[in-house]
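Student: Provided herewith is a single structure, encoded as structure tokens, for subsequent inquiry.
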Amino acid sequence: MSKRRVLTGITTTGTPHLGNYVGAIKPAIAESQNPDVQSYYFLADLHALIKAQDPQRVQQSRLEIAATWLALGLDTDNAIFYRQSDIHEIPELAWLLSCVCAKGLMNRSHAYKAAVAENEEGGVPDPDRGVTMGLFGYPVLMAADILMFNAHKVPVGRDQIQHIEMARDMAGRFNHIYKGDYFTLPEAIVDEKVEVLRGLDGRKMSKSYDNTIPLFVSAKKLQKLVRKIKTNSLEPGEPKDPETCTLFQIYSAFATAEESADMRRRYAEGIGWGEAKNEVFEYLDAQLREPRERYEALINDPGHIEQVLQRGAERARAEANVLMERLRVAVGLGRFQ
Ligand code: TRP
């Protein structure tokens, strides 16, 4: 029996933070160790160009994200780990999908609608101001990412569910128009157990809120950031509520069940914020020390990362080629013979 195929992409615009680790990287690495699964993880660097037009930032982010996944133990013999931009079949497929995808479907895309809403609220006369074709057609490229490898399951955050539904729509239309079973219909998986980590200010940890704790900062910087996590004005000795506490949430995302239970008890006993923050820092630092060292070594050896990604690209292309050849024939772009 063939394996279940699980695929996900990471847009390369930022620096990986604790929230990315807990919400996406850690579960993905665990999944890639499941022998019943073939996983495909890729740097969505073509998608990055939609959001970032600063070449240095895109390049740096690609390197940081690749180094992060490798430092945290992604086994690239199991998982196929590649850069989207290395697989030229993906934009080719995106074009074929564009030609079966109704424009009206894209009009309903959340990302596009949000951009239009922002213009309207700001009183901008052109509702499409600042909207590129890249942003408008974002879900088509994403569908190509997924359908290229006939992924069954796509682990994503909530905000991406609509895109997976759109990919199903495009797959179904293509299969229907060209009368064949070319594409598997993918399913989104949103893991309810995986927590959305909160950031320094208590909102969802996100680069757009500028409230993140990057995964691999120095111990000193990490300590500074942990001290900045927003708490309340309760004094040492006063009982504290772990449920609503960002510091506790971050701790327990890394700690074992027993360690969390122990910390919970100490909250009830009135641990002071300074002490709690020190403990959380010490704990995180101990957990991150080894991967941080591996990360530093990797970042300083981009040639090695390049090699790993080239090997991933070769494996991905070997599959993409076969499907793409069938698709060319299906639409009438096959070779003359
Ligand atoms: N759009 C996704 C995000 O911003 C990243 C992404 C690109 C992706 N292509 C994908 C995720 C394909 C899953 C499958 O999070």
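Starting from 1 in every chain, residues are counted up; chains themselves are A, B, ... following the order of the structure tokens, and ligands are numbered from 1 as listed.
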As a ChimeraX atom specification, please: the residues near region 283-298 of chain A (cut-off 7 Å, only C-alpha atoms, same-chain neighbours under 2 positions excluded).

Tutor: /A:67-68,71-72,216,219,279-281,300-302

Student: Could you pull out the helix (DSSP H, G or I) residues of region 146-288 of chain A, going by DSSP on the backbone, and write them as a compact mmCIF listing (two decimals) with C-alpha atoms, in the first residue's frame?

Tutor:
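Listing of part-v1.txt after writing:
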# COMPACT_ATOMS: atom_id res chain seq x y z
CA ILE A 146 -0.29 20.67 -2.97
CA LEU A 147 -1.65 19.00 -6.11
CA ARG A 158 -6.94 27.87 10.66
CA ASP A 159 -6.42 30.81 8.36
CA GLN A 160 -5.32 28.45 5.58
CA ILE A 161 -8.34 26.12 5.52
CA GLN A 162 -10.02 28.13 2.80
CA HIS A 163 -6.97 27.73 0.57
CA ILE A 164 -7.13 23.96 0.85
CA GLU A 165 -10.80 24.06 -0.06
CA MET A 166 -9.91 26.13 -3.09
CA ALA A 167 -7.26 23.58 -4.04
CA ARG A 168 -9.92 20.86 -3.90
CA ASP A 169 -12.14 22.96 -6.08
CA MET A 170 -9.42 23.44 -8.70
CA ALA A 171 -8.45 19.76 -8.58
CA GLY A 172 -12.07 18.73 -9.12
CA ARG A 173 -12.53 21.12 -12.00
CA PHE A 174 -9.37 19.99 -13.72
CA ASN A 175 -10.27 16.32 -13.29
CA HIS A 176 -13.72 17.05 -14.67
CA ILE A 177 -12.69 19.14 -17.67
CA LYS A 207 5.75 38.64 13.37
CA SER A 208 3.04 41.10 12.34
CA TYR A 209 2.47 42.02 16.01
CA ALA A 219 20.90 33.13 25.92
CA LYS A 220 21.24 36.76 26.97
CA LYS A 221 18.70 37.98 24.46
CA LEU A 222 16.37 35.12 25.34
CA GLN A 223 16.51 36.15 28.98
CA LYS A 224 15.72 39.74 28.08
CA LEU A 225 12.73 38.68 26.02
CA VAL A 226 11.35 36.35 28.66
CA ARG A 227 11.55 39.22 31.14
CA LYS A 228 9.45 41.29 28.75
CA THR A 246 1.25 33.89 28.77
CA LEU A 247 4.41 33.02 30.69
CA PHE A 248 2.81 29.82 31.91
CA GLN A 249 1.50 28.97 28.47
CA ILE A 250 4.94 29.32 26.91
CA TYR A 251 6.49 27.25 29.68
CA SER A 252 3.97 24.47 29.41
CA ALA A 253 4.32 24.27 25.63
CA PHE A 254 7.87 23.07 26.26
CA ALA A 257 2.96 17.32 32.00
CA GLU A 258 4.54 16.83 35.45
CA GLU A 259 6.67 19.93 35.16
CA SER A 260 3.62 21.97 34.14
CA ALA A 261 1.62 20.56 37.05
CA ASP A 262 4.43 21.51 39.38
CA MET A 263 4.57 25.06 38.03
CA ARG A 264 0.79 25.28 38.34
CA ARG A 265 1.15 24.47 42.03
CA ARG A 266 3.77 27.15 42.47
CA TYR A 267 1.49 29.70 40.84
CA ALA A 268 -1.16 28.79 43.40
CA TRP A 273 6.97 37.04 38.61
CA GLY A 274 10.71 37.61 38.70
CA GLU A 275 11.34 34.12 39.96
CA ALA A 276 8.89 32.56 37.53
CA LYS A 277 10.50 34.36 34.64
CA ASN A 278 13.95 33.19 35.68
CA GLU A 279 12.77 29.63 35.80
CA VAL A 280 11.08 29.80 32.46
CA PHE A 281 14.17 31.34 30.92
CA GLU A 282 16.44 28.67 32.43
CA TYR A 283 14.14 25.96 31.18
CA LEU A 284 13.86 27.29 27.64
CA ASP A 285 17.56 27.95 27.47
CA ALA A 286 18.37 24.39 28.50
CA GLN A 287 16.01 23.01 25.87
CA LEU A 288 17.24 25.25 23.10

Student: What does the list of residues within 6 Å of ligand 1 look like if you count only C-alpha atoms and all ligand atoms, written as a list in words?

Tutor: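 Every residue with an atom at most 6 Å from ligand 1 is listed here: Thr8, Gly9, Ile10, Thr11, Ala44, Met142, Asp145, Ile146, Val154 and Val156 of chain A.
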
Student: Measuring atom to atom with only C-alpha atoms, identify which of A:Leu93, A:Ile271, A:Ala48, A:Val329 is nearest to Pro236 (chain A).

Tutor: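 Ranked by minimum distance to Pro236 (chain A), first place goes to A:Ile271.
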
Student: Write out as a tab-separated table the residues of region 89-168 of chain A that have any atom within 12 Å of an atom of region 33-39 of chain A, one row each with the nearest atom pair and its distance in Å to one decimal, counting only C-alpha atoms, sorted by chain and then rising number.

Tutor:
residue	atom	partner	partner_atom	distance
A:Ile146	CA	A:Ser39	CA	11.7
A:Phe149	CA	A:Ser39	CA	10.1
A:Asn150	CA	A:Gln38	CA	11.3
A:Ala151	CA	A:Ser39	CA	8.8
A:His152	CA	A:Gln38	CA	10.2
A:Lys153	CA	A:Ser39	CA	9.5
A:Val154	CA	A:Ser39	CA	9.8
A:Pro155	CA	A:Ser39	CA	10.7

Student: Taking only C-alpha atoms into account, name the residue in A:Pro186, A:Gly14, A:Pro242, A:Gly272 that is nearest to Ala143 (chain A).

Tutor: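 The shortest atom-to-atom distance to Ala143 (chain A) comes from A:Pro186.
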
Student: Can you check which residues of region 40-182 of chain A DSSP gives as strand (DSSP E) on the backbone and send them as an MDAnalysis selection string?

Tutor: chainID A and resid 40:44 80:83 153:155

Student: Once you have the residues from the selection above, write them out as a tab-separated table (two decimals), in the first residue's frame, restricted to N, CA, C and O atoms.

Tutor:
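Contents of selection13.tsv, as written:
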chain	number	residue	atom	x	y	z
A	40	TYR	N	6.29	15.87	2.81
A	40	TYR	CA	6.88	16.85	1.89
A	40	TYR	C	6.84	18.18	2.63
A	40	TYR	O	5.77	18.69	2.93
A	41	TYR	N	8.03	18.72	2.93
A	41	TYR	CA	8.07	20.02	3.57
A	41	TYR	C	8.90	20.94	2.69
A	41	TYR	O	9.98	20.56	2.25
A	42	PHE	N	8.37	22.12	2.45
A	42	PHE	CA	9.12	22.99	1.54
A	42	PHE	C	9.08	24.45	1.97
A	42	PHE	O	8.20	24.90	2.69
A	43	LEU	N	10.09	25.16	1.50
A	43	LEU	CA	10.16	26.60	1.73
A	43	LEU	C	9.34	27.26	0.64
A	43	LEU	O	9.69	27.13	-0.54
A	44	ALA	N	8.27	27.91	1.02
A	44	ALA	CA	7.39	28.55	0.03
A	44	ALA	C	7.97	29.90	-0.34
A	44	ALA	O	7.46	30.96	0.03
A	80	ILE	N	10.85	14.71	2.38
A	80	ILE	CA	11.39	15.38	1.20
A	80	ILE	C	11.34	16.88	1.50
A	80	ILE	O	10.28	17.44	1.69
A	81	PHE	N	12.51	17.48	1.59
A	81	PHE	CA	12.64	18.86	2.06
A	81	PHE	C	13.24	19.68	0.92
A	81	PHE	O	14.36	19.42	0.49
A	82	TYR	N	12.50	20.65	0.44
A	82	TYR	CA	12.94	21.37	-0.76
A	82	TYR	C	12.45	22.80	-0.78
A	82	TYR	O	11.64	23.21	0.05
A	83	ARG	N	12.97	23.53	-1.75
A	83	ARG	CA	12.52	24.90	-1.98
A	83	ARG	C	11.53	24.88	-3.15
A	83	ARG	O	11.85	24.33	-4.20
A	153	LYS	N	-3.00	14.95	2.95
A	153	LYS	CA	-3.25	15.76	4.15
A	153	LYS	C	-2.33	16.98	4.14
A	153	LYS	O	-1.13	16.85	3.85
A	154	VAL	N	-2.90	18.10	4.51
A	154	VAL	CA	-2.12	19.33	4.55
A	154	VAL	C	-2.30	19.98	5.93
A	154	VAL	O	-3.33	20.58	6.20
A	155	PRO	N	-1.31	19.82	6.81
A	155	PRO	CA	-1.41	20.44	8.13
A	155	PRO	C	-1.22	21.96	7.99
A	155	PRO	O	-0.22	22.40	7.43
